[in-house]
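So this one's input22.txt, compact mmCIF, C-alpha atoms and all ligand atoms:
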# COMPACT_ATOMS: atom_id res chain seq x y z
CA MET A 47 11.58 -31.39 -35.95
CA ALA A 48 11.18 -28.11 -34.03
CA GLY A 49 8.18 -27.99 -31.65
CA GLU A 50 7.64 -31.76 -31.80
CA ILE A 51 6.19 -33.22 -28.59
CA LEU A 52 6.87 -36.80 -27.66
CA ILE A 53 3.81 -38.25 -25.93
CA LYS A 54 4.39 -41.09 -23.49
CA PRO A 55 1.03 -42.56 -22.44
CA ASP A 56 0.93 -44.51 -19.21
CA LEU A 57 -1.94 -46.99 -19.15
CA GLN A 58 -1.43 -47.75 -15.49
CA PHE A 59 -1.98 -44.07 -14.76
CA VAL A 60 -5.33 -44.11 -16.61
CA LYS A 61 -6.35 -47.21 -14.64
CA ARG A 62 -5.42 -45.50 -11.39
CA VAL A 63 -7.45 -42.38 -12.28
CA MET A 64 -10.44 -44.61 -13.01
CA ALA A 65 -9.99 -46.69 -9.86
CA ALA A 66 -9.66 -43.60 -7.65
CA GLY A 67 -13.09 -42.33 -8.70
CA GLY A 68 -12.48 -40.89 -12.16
CA ASP A 69 -14.07 -43.91 -13.85
CA THR A 70 -16.01 -41.61 -16.20
CA VAL A 71 -12.89 -40.05 -17.74
CA LYS A 72 -13.06 -42.25 -20.85
CA LYS A 73 -16.54 -40.97 -21.70
CA CYS A 74 -15.21 -37.53 -22.63
CA TYR A 75 -15.39 -36.83 -26.39
CA GLN A 76 -13.71 -33.42 -26.20
CA CYS A 77 -16.74 -31.25 -27.00
CA ASP A 78 -15.36 -28.47 -24.76
CA THR A 79 -18.69 -27.63 -23.13
CA CYS A 80 -17.01 -27.92 -19.72
CA SER A 81 -14.45 -25.21 -20.48
CA VAL A 82 -17.18 -22.95 -21.87
CA VAL A 83 -19.41 -23.17 -18.79
CA CYS A 84 -16.61 -22.92 -16.23
CA ASN A 85 -16.62 -19.45 -14.64
CA LEU A 86 -13.15 -19.88 -13.20
CA THR A 87 -11.16 -20.90 -16.23
CA PRO A 88 -8.93 -18.33 -17.95
CA ASP A 89 -9.42 -17.50 -21.64
CA GLU A 90 -5.87 -18.58 -22.40
CA LYS A 91 -5.39 -22.37 -22.25
CA PRO A 92 -8.72 -23.04 -20.49
CA PHE A 93 -9.45 -26.06 -18.31
CA PRO A 94 -10.86 -28.71 -17.72
CA ARG A 95 -11.12 -30.12 -21.28
CA LYS A 96 -7.38 -30.33 -21.81
CA GLU A 97 -6.90 -32.07 -18.43
CA MET A 98 -9.61 -34.59 -19.37
CA LEU A 99 -7.68 -35.31 -22.56
CA GLN A 100 -4.37 -35.64 -20.71
CA ALA A 101 -5.94 -38.00 -18.16
CA GLN A 102 -7.59 -40.08 -20.92
CA TRP A 103 -4.32 -40.40 -22.78
CA GLY A 104 -2.38 -41.39 -19.69
CA LEU A 105 -0.20 -38.27 -19.65
CA LYS A 106 0.73 -38.26 -16.00
CA GLU A 107 2.44 -34.85 -16.35
CA VAL A 108 -1.09 -33.55 -15.74
CA LEU A 109 -0.39 -34.09 -12.02
CA SER A 110 2.13 -31.23 -12.19
CA ALA A 111 -0.25 -28.93 -14.07
CA PRO A 112 -1.22 -25.79 -12.14
CA ASP A 113 -4.69 -25.74 -13.73
CA ILE A 114 -5.98 -28.77 -11.85
CA TRP A 115 -5.68 -26.54 -8.73
CA LEU A 116 -7.46 -23.53 -10.25
CA CYS A 117 -10.67 -25.60 -10.23
CA HIS A 118 -12.78 -25.28 -7.04
CA GLN A 119 -14.90 -28.32 -7.83
CA CYS A 120 -18.10 -26.33 -8.10
CA SER A 121 -19.41 -28.96 -10.57
CA ASP A 122 -20.86 -26.52 -13.13
CA CYS A 123 -19.00 -28.49 -15.81
CA THR A 124 -20.27 -31.82 -14.47
CA VAL A 125 -23.86 -30.64 -14.71
CA TYR A 126 -23.50 -29.52 -18.33
CA CYS A 127 -21.26 -32.31 -19.65
CA PRO A 128 -23.33 -34.06 -22.37
CA ARG A 129 -21.45 -37.33 -21.86
CA GLY A 130 -21.67 -37.67 -18.09
CA ALA A 131 -17.86 -37.63 -17.92
CA ASN A 132 -17.90 -35.77 -14.57
CA PRO A 133 -14.96 -33.44 -15.32
CA GLY A 134 -15.26 -31.74 -11.90
CA GLU A 135 -14.83 -35.07 -10.11
CA VAL A 136 -12.02 -36.21 -12.44
CA LEU A 137 -10.09 -33.04 -11.61
CA GLY A 138 -10.70 -33.79 -7.92
CA VAL A 139 -9.14 -37.25 -8.42
CA LEU A 140 -6.16 -35.70 -10.24
CA ARG A 141 -5.64 -33.33 -7.29
CA GLN A 142 -5.73 -36.27 -4.88
CA MET A 143 -3.09 -38.03 -6.99
CA ALA A 144 -1.01 -34.83 -7.16
CA ILE A 145 -1.05 -34.58 -3.35
CA GLU A 146 0.15 -38.18 -3.26
CA LYS A 147 2.89 -37.38 -5.79
CA TYR A 148 4.29 -34.46 -3.79
CA ALA A 149 3.81 -35.93 -0.29
CA THR A 150 6.61 -37.55 1.70
CA PRO A 151 6.18 -40.46 2.22
CA PRO A 152 3.58 -41.01 -0.56
CA LEU A 153 2.48 -44.18 1.22
CA LEU A 154 0.72 -42.13 3.89
CA ALA A 155 -1.27 -40.27 1.22
CA LYS A 156 -2.29 -43.64 -0.26
CA ALA A 157 -3.37 -44.80 3.22
CA VAL A 158 -5.49 -41.66 3.72
CA GLY A 159 -7.32 -42.40 0.45
CA ASP A 160 -8.00 -46.04 1.30
CA PRO A 161 -10.78 -46.89 3.80
CA LYS A 162 -9.09 -50.09 4.90
CA PHE A 163 -6.34 -48.05 6.58
CA LEU A 164 -8.78 -45.89 8.55
CA PRO A 165 -8.55 -47.98 11.78
CA LEU A 166 -4.75 -47.67 11.65
CA LEU A 167 -4.87 -43.92 11.06
CA ILE A 168 -7.13 -43.50 14.09
CA ALA A 169 -5.21 -45.98 16.24
CA PHE A 170 -1.86 -44.22 15.75
CA PRO A 171 -2.71 -40.96 17.62
CA MET A 172 -4.78 -42.88 20.19
CA LEU A 173 -1.87 -45.18 21.03
CA LEU A 174 0.48 -42.19 21.16
CA LEU A 175 -1.80 -40.43 23.66
CA LEU A 176 -2.28 -43.60 25.71
CA PHE A 177 1.49 -44.11 25.80
CA LEU A 178 1.85 -40.54 27.05
CA LEU A 179 -0.73 -41.19 29.75
CA LYS A 180 1.04 -44.36 30.75
CA ILE A 181 4.44 -42.73 31.20
CA MET A 182 2.82 -39.90 33.17
CA GLY A 183 0.99 -42.35 35.42
CA GLY A 184 -2.42 -41.31 34.09
CA MET A 185 -3.45 -44.91 33.34
CA GLY A 186 -5.02 -46.75 36.21
CA ILE A 187 -7.71 -46.71 38.84
CA LYS A 188 -7.02 -46.22 42.51
CA VAL A 189 -8.41 -49.00 44.72
CA GLY A 190 -7.55 -47.98 48.26
CA GLU A 191 -3.87 -47.20 48.22
CA ASN A 192 -3.19 -49.43 45.22
CA LEU A 193 -3.08 -48.30 41.63
CA VAL A 194 -4.76 -50.87 39.40
CA HIS A 195 -3.73 -50.47 35.75
CA GLN A 196 -6.96 -51.08 33.92
CA GLY A 197 -7.62 -47.96 31.88
CA ILE A 198 -7.55 -44.18 31.88
CA ALA A 199 -7.81 -42.77 35.42
CA ILE A 200 -10.42 -39.99 35.41
CA PRO A 201 -8.98 -37.17 37.56
CA GLU A 202 -11.07 -36.21 40.58
CA GLY A 203 -12.31 -32.74 41.57
CA LYS A 204 -12.82 -29.71 39.35
CA ILE A 205 -12.50 -30.56 35.65
CA ILE A 206 -9.19 -29.27 34.34
CA PHE A 207 -8.05 -31.00 31.16
CA ALA A 208 -4.43 -30.33 32.03
CA LYS A 209 -4.87 -32.79 34.93
CA LEU A 210 -5.23 -35.59 32.38
CA PHE A 211 -2.73 -34.26 29.84
CA PRO A 212 -0.41 -31.60 31.26
CA THR A 213 0.11 -28.79 28.75
CA LEU A 214 3.79 -29.72 28.41
CA ALA A 215 2.83 -33.28 27.45
CA VAL A 216 0.34 -32.04 24.84
CA ASP A 217 3.01 -29.75 23.39
CA PHE A 218 5.45 -32.67 23.38
CA ILE A 219 3.23 -34.45 20.84
CA PHE A 220 1.55 -31.64 18.95
CA VAL A 221 4.46 -29.26 18.35
CA PRO A 222 6.57 -31.88 16.50
CA ALA A 223 3.43 -33.07 14.64
CA PHE A 224 2.75 -29.50 13.52
CA PHE A 225 6.31 -28.87 12.34
CA PHE A 226 6.39 -32.27 10.61
CA ALA A 227 3.28 -31.29 8.63
CA VAL A 228 4.70 -27.85 7.80
CA ALA A 229 7.99 -29.41 6.60
CA VAL A 230 6.24 -32.01 4.39
CA LEU A 231 3.89 -29.39 2.94
CA GLY A 232 6.80 -26.99 2.38
CA LYS A 233 8.85 -29.65 0.58
CA GLY A 234 5.85 -30.64 -1.55
CA VAL A 235 4.90 -27.14 -2.60
CA LEU A 236 8.52 -26.25 -3.46
CA ALA A 237 8.76 -29.32 -5.71
CA PHE A 238 5.42 -28.38 -7.28
CA TRP A 239 6.58 -24.79 -7.90
CA GLN A 240 9.75 -26.08 -9.55
CA ASP A 241 7.73 -28.44 -11.75
CA ILE A 242 5.29 -25.79 -12.96
CA ASN A 243 8.18 -23.50 -13.82
CA ALA A 244 10.34 -26.19 -15.44
CA PRO A 245 10.85 -26.06 -19.23
CA HIS A 246 8.12 -28.07 -21.00
CA PRO A 247 5.77 -27.51 -23.94
CA TRP A 248 2.92 -26.18 -21.74
CA ARG A 249 5.05 -23.86 -19.65
CA VAL A 250 3.78 -20.29 -19.19
CA LYS A 251 6.35 -17.62 -18.29
CA VAL A 252 5.85 -15.94 -14.92
CA GLU A 253 6.89 -12.37 -14.18
CA GLY A 254 6.44 -9.68 -11.52
CA ASN A 255 7.14 -9.34 -7.84
CA LEU A 256 6.59 -12.63 -6.01
CA VAL A 257 5.71 -11.09 -2.62
CA CYS A 258 3.25 -8.50 -3.97
CA ASN A 259 1.55 -11.13 -6.12
CA LEU A 260 1.43 -13.55 -3.20
CA ILE A 261 -0.29 -10.94 -1.02
CA ALA A 262 -2.86 -10.24 -3.77
CA THR A 263 -3.45 -13.99 -4.20
CA LEU A 264 -3.94 -14.51 -0.46
CA LYS A 265 -6.41 -11.61 -0.37
CA ASP A 266 -8.36 -13.23 -3.19
CA ILE A 267 -8.35 -16.57 -1.35
CA LEU A 268 -9.29 -15.01 1.99
CA PHE A 269 -12.51 -13.56 0.56
CA HIS A 270 -13.14 -16.41 -1.91
CA ASN A 271 -13.60 -13.90 -4.76
CA ARG A 272 -13.17 -16.48 -7.51
CA PHE A 273 -14.84 -19.31 -5.63
CA ARG A 274 -18.00 -17.20 -5.29
CA THR A 275 -18.49 -17.10 -9.07
CA CYS A 276 -19.45 -20.80 -9.07
CA GLU A 277 -23.12 -21.47 -9.82
CA THR A 278 -24.25 -25.08 -9.29
CA THR A 279 -22.97 -25.32 -5.73
CA TYR A 280 -22.92 -21.56 -5.07
CA THR A 281 -23.46 -21.99 -1.31
CA ARG A 282 -20.24 -24.03 -1.06
CA ALA A 283 -18.10 -20.87 -1.23
CA THR A 284 -19.92 -19.23 1.70
CA ASN A 285 -19.77 -22.38 3.82
CA HIS A 286 -16.12 -22.88 2.94
CA LEU A 287 -15.48 -19.26 4.01
CA PHE A 288 -17.01 -19.99 7.45
CA LEU A 289 -14.69 -22.97 7.68
CA VAL A 290 -11.64 -20.91 6.74
CA PHE A 291 -12.46 -18.21 9.31
CA GLY A 292 -13.07 -20.91 11.91
CA PHE A 293 -9.57 -22.25 11.23
CA ILE A 294 -8.04 -18.75 11.36
CA PHE A 295 -9.73 -17.91 14.70
CA LEU A 296 -8.66 -21.24 16.22
CA LEU A 297 -5.12 -20.79 14.94
CA ILE A 298 -5.00 -17.39 16.67
CA VAL A 299 -6.38 -18.98 19.87
CA THR A 300 -3.74 -21.74 19.78
CA THR A 301 -0.91 -19.25 19.23
CA TRP A 302 -2.31 -16.99 21.97
CA GLY A 303 -2.52 -19.95 24.37
CA PHE A 304 1.04 -20.92 23.50
CA ILE A 305 2.28 -17.38 24.28
CA ASN A 306 0.27 -17.35 27.52
CA GLU A 307 1.83 -20.62 28.56
CA TRP A 308 5.45 -20.16 27.54
CA VAL A 309 5.96 -16.39 27.69
CA LEU A 310 3.41 -15.04 30.18
CA HIS A 311 3.21 -18.22 32.31
CA HIS A 312 -0.57 -17.95 32.53
CA ASP A 313 -2.05 -21.45 32.40
CA PRO A 314 -5.65 -22.45 31.46
CA PRO A 315 -8.52 -22.76 32.26
CA TYR A 316 -9.43 -19.23 31.28
CA PHE A 317 -12.31 -17.11 32.57
CA LEU A 318 -15.50 -17.97 30.61
CA LEU A 319 -15.86 -14.52 29.05
CA SER A 320 -12.16 -13.87 28.56
CA PRO A 321 -11.23 -12.68 25.02
CA ILE A 322 -9.35 -15.91 24.24
CA LYS A 323 -12.40 -17.98 25.25
CA LEU A 324 -14.76 -15.80 23.21
CA LEU A 325 -12.51 -16.12 20.17
CA ALA A 326 -12.33 -19.90 20.67
CA MET A 327 -16.15 -20.06 20.84
CA ALA A 328 -16.49 -17.93 17.69
CA GLY A 329 -13.91 -20.12 15.89
CA THR A 330 -15.62 -23.37 16.90
CA ALA A 331 -19.07 -22.04 15.95
CA SER A 332 -17.79 -20.85 12.56
CA LEU A 333 -16.02 -24.17 11.93
CA LEU A 334 -19.05 -26.25 12.86
CA TYR A 335 -21.49 -24.06 10.94
CA GLY A 336 -19.31 -24.24 7.82
CA ILE A 337 -18.66 -27.98 7.92
CA TRP A 338 -22.25 -28.89 8.79
CA ASN A 339 -23.58 -26.89 5.85
CA LEU A 340 -20.94 -28.35 3.54
CA ILE A 341 -22.09 -31.85 4.50
CA LYS A 342 -25.73 -30.96 3.89
CA GLU A 343 -24.94 -29.18 0.63
CA ARG A 344 -22.96 -32.18 -0.69
CA GLN A 345 -25.80 -34.52 0.15
CA ALA A 346 -28.42 -32.24 -1.41
CA ASN A 347 -26.45 -31.82 -4.67
CA ALA A 348 -25.19 -35.41 -4.86
CA GLU A 349 -27.27 -36.29 -7.91
CA LYS A 350 -26.20 -33.44 -10.14
CA ALA A 351 -22.73 -32.64 -8.73
CA GLY A 352 -21.58 -36.03 -7.43
CA TYR A 353 -21.41 -37.25 -3.85
CA GLY A 354 -17.65 -36.88 -3.50
CA SER A 355 -15.03 -39.56 -2.90
CA TYR A 356 -13.99 -41.30 0.32
CA TYR A 357 -10.90 -39.04 0.22
CA ASP A 358 -13.14 -35.91 0.31
CA TRP A 359 -15.26 -37.29 3.13
CA PHE A 360 -12.24 -38.30 5.22
CA LEU A 361 -11.28 -34.66 5.74
CA ILE A 362 -14.87 -33.48 6.15
CA TYR A 363 -15.48 -35.93 8.99
CA VAL A 364 -12.14 -35.26 10.70
CA ILE A 365 -12.97 -31.51 10.76
CA PHE A 366 -16.48 -32.26 12.00
CA VAL A 367 -15.17 -34.48 14.82
CA VAL A 368 -12.59 -31.82 15.81
CA GLY A 369 -15.34 -29.19 16.13
CA ALA A 370 -17.95 -31.45 17.74
CA THR A 371 -15.63 -33.00 20.35
CA GLY A 372 -14.16 -29.57 21.17
CA LEU A 373 -17.63 -28.17 21.79
CA LEU A 374 -18.85 -31.22 23.73
CA ALA A 375 -15.73 -31.40 25.93
CA TRP A 376 -16.28 -27.75 26.86
CA LEU A 377 -20.02 -28.28 27.57
CA PHE A 378 -19.37 -31.41 29.66
CA ARG A 379 -16.78 -29.44 31.62
CA LEU A 380 -19.31 -26.67 32.34
CA MET A 381 -21.80 -29.35 33.44
CA HIS A 382 -19.15 -30.97 35.70
CA LEU A 383 -19.58 -34.33 33.96
CA GLN A 384 -16.07 -35.73 34.50
CA ILE A 385 -16.91 -39.16 33.16
CA LEU A 386 -17.87 -37.62 29.80
CA ALA A 387 -15.62 -34.56 29.67
CA TYR A 388 -12.24 -36.33 29.89
CA PRO A 389 -12.93 -39.10 27.34
CA THR A 390 -14.39 -36.51 24.94
CA TYR A 391 -11.25 -34.43 25.40
CA PHE A 392 -9.19 -37.54 24.60
CA LEU A 393 -11.17 -37.97 21.35
CA HIS A 394 -10.74 -34.28 20.60
CA LEU A 395 -6.96 -34.55 20.88
CA THR A 396 -7.03 -37.64 18.64
CA ALA A 397 -9.01 -35.77 15.95
CA VAL A 398 -6.83 -32.64 16.19
CA PHE A 399 -3.72 -34.79 15.74
CA MET A 400 -5.29 -36.43 12.68
CA LEU A 401 -6.15 -33.05 11.22
CA PHE A 402 -2.62 -31.62 11.56
CA PHE A 403 -0.34 -34.62 11.24
CA TYR A 404 -2.13 -35.99 8.19
CA ALA A 405 -2.64 -32.53 6.61
CA PRO A 406 0.02 -32.98 3.88
CA TYR A 407 -1.75 -36.19 2.77
CA THR A 408 -5.41 -35.17 2.96
CA LYS A 409 -7.45 -32.74 0.93
CA LEU A 410 -6.38 -30.06 3.43
CA ALA A 411 -3.08 -29.84 1.50
CA HIS A 412 -5.06 -28.07 -1.23
CA PHE A 413 -4.54 -24.73 0.50
CA VAL A 414 -0.81 -24.69 -0.27
CA TYR A 415 -0.97 -26.19 -3.78
CA ARG A 416 -3.94 -24.05 -4.82
CA THR A 417 -2.24 -20.91 -3.47
CA ALA A 418 0.88 -21.75 -5.51
CA ALA A 419 -1.20 -22.45 -8.64
CA MET A 420 -3.22 -19.22 -8.27
CA LEU A 421 -0.02 -17.27 -7.70
CA HIS A 422 1.44 -18.83 -10.84
CA ALA A 423 -1.69 -17.97 -12.85
CA ARG A 424 -1.59 -14.37 -11.60
CA MET A 425 2.10 -14.01 -12.41
CA SER A 426 1.65 -15.42 -15.88
CA GLY A 427 -1.06 -12.92 -16.78
CA ARG A 428 -3.92 -15.39 -17.07
CA GLY A 429 -6.51 -13.02 -15.63
CA PHE A 430 -6.10 -13.93 -11.95
S1 LIG B 1 -15.72 -33.55 -20.09
FE1 LIG B 1 -17.75 -33.54 -21.00
S2 LIG B 1 -18.10 -31.39 -21.49
FE2 LIG B 1 -15.90 -31.62 -21.17
S3 LIG B 1 -15.07 -31.99 -23.18
FE3 LIG B 1 -15.47 -33.98 -22.26
S4 LIG B 1 -17.49 -34.56 -22.98
FE4 LIG B 1 -17.29 -32.36 -23.33
S1 LIG B 2 -15.72 -28.02 -11.25
FE1 LIG B 2 -16.23 -25.87 -11.53
S2 LIG B 2 -14.28 -24.82 -11.34
FE2 LIG B 2 -13.83 -26.97 -11.71
S3 LIG B 2 -13.57 -27.12 -13.90
FE3 LIG B 2 -15.69 -27.61 -13.44
S4 LIG B 2 -16.79 -25.69 -13.68
FE4 LIG B 2 -14.63 -25.20 -13.52

Produce structure tokens that represent the structure in this file.
Amino acid sequence: MAGEILIKPDLQFVKRVMAAGGDTVKKCYQCDTCSVVCNLTPDEKPFPRKEMLQAQWGLKEVLSAPDIWLCHQCSDCTVYCPRGANPGEVLGVLRQMAIEKYATPPLLAKAVGDPKFLPLLIAFPMLLLLFLLKIMGGMGIKVGENLVHQGIAIPEGKIIFAKLFPTLAVDFIFVPAFFFAVAVLGKGVLAFWQDINAPHPWRVKVEGNLVCNLIATLKDILFHNRFRTCETTYTRATNHLFLVFGFIFLLIVTTWGFINEWVLHHDPPYFLLSPIKLLAMAGTASLLYGIWNLIKERQANAEKAGYGSYYDWFLIYVIFVVGATGLLAWLFRLMHLQILAYPTYFLHLTAVFMLFFYAPYTKLAHFVYRTAAMLHARMSGRGF
């Protein structure tokens, strides 16, 4: 029969949604209040009611649905849901599972979402950095003329972080880690784009110029135009914007430093008031301000909007540690506290590695999938 849709429910999928934090999904009785109160949903095929239904029925195709990414988890729907089904949080769980679906290897995404793997995830970059120190002779304490291998040797004299980890050695670890993350994210988002454009009953036709629409989408994301229409957690958009600008500034600083090192052969440390330093300070301040307020805002709204899952908090704390250790390492260096500056720098490198290397598996991956979903919505004339 024409137009017939064969539904294949997957009970294991429903159990996984519930176990990952969407345990309220079964409470939904399809009243549609959530779609009515959501300021972000398009008039055509609105979310999140239909995604709640798909998740309840075990239709795992929902993980390839662009609409789960159009939600910014503002929790307006959660507040108004008469059944306490927490649609905002359920969509968050579906996004986590979608990241896992498109990540390579998916096992790493599972590990990021499971607290029992946290020690391993921290140990991996630490051991990598310690191995680097060992092969560079940076492990050990000098007793007279003898080198006793008992731990990290704190370099003497003026604090220069490159004495502990030469820039080349840092690049040796971080450049491949960065390109690994870019490759995994690129592969994932391409597969996602193919899935949302594949023939299926819910497919929406896209048309128009891809590049022009992508630029318009990025502009919208850069200023959080849609995100700012959220009500319950309205401050989240502003704090998230600080975070985004912090990342952009620090990305510029990193690229600038890379050019200085490899093209201009001008090595750090830089003059305190040099433009690159000032931009780094502005980036760190913006990052810390944004993440600190996001933490406070989540705690303050926990009762009405949900506290968030371990998966959410994993990324929040990694970003916080990146900012805090970066700031502290710099302050300890200005105070000439070698014993604190070098270990803090070691922790900073560990956190930065975790942020980039695990990016395709953490919530940070949302920036590529959400961009693709918003681009798709714009190109299919859904009011974006
Ligand atoms: S999630 Fe809540 S508001 Fe939305 S349809 Fe279900 S019961 Fe209604
Ligand atoms: S959390 Fe906010 S953006 Fe997401 S579906 Fe609910 S109301 Fe809409």

Original post:
Between A:Cys276, A:Val228, A:Leu333, A:Ile181, which one has atoms that come closest to ligand LIG 2 (chain B), using all atoms listed in the file?
Top reply: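 Among the listed residues, A:Cys276 lies closest to ligand LIG 2 (chain B).
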
**OP:** Please check which residues have atoms at most 12 Å from (-13.2, -32.7, 28.3) in the file's coordinates, counting only C-alpha atoms, and write them as number ranges by chain.
**Re:** A: 200-201, 204-211, 315, 370-395

**OP:** Taking only C-alpha atoms and all ligand atoms into account, report as a PyMOL selection string which residues have an atom no farther than 12 Å from an atom of ligand LIG 1 (chain B).
**Re:** chain A and resi 68+70-84+92-102+121-137

Subject >> Residue neighbourhood stretch 420-429 of chain A, 12 Å, only C-alpha atoms, exclusion window fewer than 3 positions, as a PyMOL selection string >> reply: chain A and resi 86-92+111-118+238-243+249-267+272-273+412-417

Using C-alpha atoms, can you export the residues from the last selection as a CSV table (one decimal), in the frame of the given file?
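That gives us out.csv:
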chain,number,residue,atom,x,y,z
A,86,LEU,CA,-13.2,-19.9,-13.2
A,87,THR,CA,-11.2,-20.9,-16.2
A,88,PRO,CA,-8.9,-18.3,-18.0
A,89,ASP,CA,-9.4,-17.5,-21.6
A,90,GLU,CA,-5.9,-18.6,-22.4
A,91,LYS,CA,-5.4,-22.4,-22.2
A,92,PRO,CA,-8.7,-23.0,-20.5
A,111,ALA,CA,-0.2,-28.9,-14.1
A,112,PRO,CA,-1.2,-25.8,-12.1
A,113,ASP,CA,-4.7,-25.7,-13.7
A,114,ILE,CA,-6.0,-28.8,-11.8
A,115,TRP,CA,-5.7,-26.5,-8.7
A,116,LEU,CA,-7.5,-23.5,-10.2
A,117,CYS,CA,-10.7,-25.6,-10.2
A,118,HIS,CA,-12.8,-25.3,-7.0
A,238,PHE,CA,5.4,-28.4,-7.3
A,239,TRP,CA,6.6,-24.8,-7.9
A,240,GLN,CA,9.8,-26.1,-9.6
A,241,ASP,CA,7.7,-28.4,-11.8
A,242,ILE,CA,5.3,-25.8,-13.0
A,243,ASN,CA,8.2,-23.5,-13.8
A,249,ARG,CA,5.0,-23.9,-19.6
A,250,VAL,CA,3.8,-20.3,-19.2
A,251,LYS,CA,6.4,-17.6,-18.3
A,252,VAL,CA,5.8,-15.9,-14.9
A,253,GLU,CA,6.9,-12.4,-14.2
A,254,GLY,CA,6.4,-9.7,-11.5
A,255,ASN,CA,7.1,-9.3,-7.8
A,256,LEU,CA,6.6,-12.6,-6.0
A,257,VAL,CA,5.7,-11.1,-2.6
A,258,CYS,CA,3.2,-8.5,-4.0
A,259,ASN,CA,1.6,-11.1,-6.1
A,260,LEU,CA,1.4,-13.6,-3.2
A,261,ILE,CA,-0.3,-10.9,-1.0
A,262,ALA,CA,-2.9,-10.2,-3.8
A,263,THR,CA,-3.4,-14.0,-4.2
A,264,LEU,CA,-3.9,-14.5,-0.5
A,265,LYS,CA,-6.4,-11.6,-0.4
A,266,ASP,CA,-8.4,-13.2,-3.2
A,267,ILE,CA,-8.4,-16.6,-1.4
A,272,ARG,CA,-13.2,-16.5,-7.5
A,273,PHE,CA,-14.8,-19.3,-5.6
A,412,HIS,CA,-5.1,-28.1,-1.2
A,413,PHE,CA,-4.5,-24.7,0.5
A,414,VAL,CA,-0.8,-24.7,-0.3
A,415,TYR,CA,-1.0,-26.2,-3.8
A,416,ARG,CA,-3.9,-24.0,-4.8
A,417,THR,CA,-2.2,-20.9,-3.5

Original post:
Within 10 Å of A:Ala215, counting all atoms listed in the file, which residues qualify if same-chain residues fewer than 3 places away don't, as a list in words?
Top reply: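 Contacts, with the query itself left out: Leu175, Leu178, Leu179, Met182, Ala208, Leu210, Phe211, Pro212, Phe218, Ile219 and Phe220 of chain A.
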
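For the choices A:Ala411, A:Ala351, A:Leu325, A:Ala346, the atom-to-atom distance to ligand LIG 2 (chain B) is smallest for A:Ala351 when using all atoms listed in the file.
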
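Nearest-residue note for ligand LIG 2 (chain B): choosing from A:Ala283, A:Leu166, A:Val63, A:Met400, the minimum distance belongs to A:Ala283, counting only C-alpha atoms and all ligand atoms.
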
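Counting only C-alpha atoms and comparing A:Ile168, A:Thr213, A:Asn347, A:Val108, the residue that lies closest to A:Glu307 is A:Thr213.
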
Original post:
Any idea what the distance is between atom CA of A:Lys147 and atom CA of A:Trp103?
Top reply: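 Atom-to-atom, atom CA of A:Lys147 to atom CA of A:Trp103, that is 18.7 Å.
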
Original post:
Which residue gives the smallest distance to A:Ala155 among A:Met64, A:Ser110, A:Gly369, A:Phe360, with all atoms listed in the file counted?
Top reply: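 Closest to A:Ala155, using all atoms listed in the file: A:Phe360.
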
Subject >> Computed interatomic separation between atom CA of A:Ile362 and atom CA of A:Lys106 (Å) >> reply: 27.5 Å

Subject >> Computed interatomic separation between atom CA of A:Phe291 and atom CA of A:Ser332 (Å) >> reply: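 Pair atom CA of A:Phe291 / atom CA of A:Ser332 returns 6.8 Å.
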
Subject >> Exercise: A:Phe163 partners within 12 Å, all atoms listed in the file, chain neighbours under 4 positions left out, as a list in words >> reply: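 My reading of the contact set: Leu153, Leu154, Ala155, Lys156, Ala157, Val158, Gly159, Leu167, Ile168, Ala169, Phe170, Tyr356, Tyr357 and Phe360 of chain A.
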
Residues just named, written with C-alpha atoms as a PDB file, in the frame of the given file:
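Result file result-v2.pdb:
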ATOM      1  CA  LEU A 153       2.480 -44.180   1.220  1.00  0.00           C
ATOM      2  CA  LEU A 154       0.720 -42.130   3.890  1.00  0.00           C
ATOM      3  CA  ALA A 155      -1.270 -40.270   1.220  1.00  0.00           C
ATOM      4  CA  LYS A 156      -2.290 -43.640  -0.260  1.00  0.00           C
ATOM      5  CA  ALA A 157      -3.370 -44.800   3.220  1.00  0.00           C
ATOM      6  CA  VAL A 158      -5.490 -41.660   3.720  1.00  0.00           C
ATOM      7  CA  GLY A 159      -7.320 -42.400   0.450  1.00  0.00           C
ATOM      8  CA  LEU A 167      -4.870 -43.920  11.060  1.00  0.00           C
ATOM      9  CA  ILE A 168      -7.130 -43.500  14.090  1.00  0.00           C
ATOM     10  CA  ALA A 169      -5.210 -45.980  16.240  1.00  0.00           C
ATOM     11  CA  PHE A 170      -1.860 -44.220  15.750  1.00  0.00           C
ATOM     12  CA  TYR A 356     -13.990 -41.300   0.320  1.00  0.00           C
ATOM     13  CA  TYR A 357     -10.900 -39.040   0.220  1.00  0.00           C
ATOM     14  CA  PHE A 360     -12.240 -38.300   5.220  1.00  0.00           C
TER      15      PHE A 360
END

**OP:** Excluding A:Leu296 and any residue of its chain fewer than 6 positions from it, enumerate the residues within 10 Å of it, using all atoms listed in the file, and give them as a PyMOL selection string.
**Re:** chain A and resi 290+302+322+325-330+332-333

**OP:** Kindly indicate which residue among A:Tyr316, A:Phe399, A:Phe366, A:Phe288 lies nearest to A:Asp217, using only C-alpha atoms for the distances.
**Re:**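 Between A:Tyr316, A:Phe399, A:Phe366, A:Phe288, the residue approaching A:Asp217 most closely is A:Phe399.
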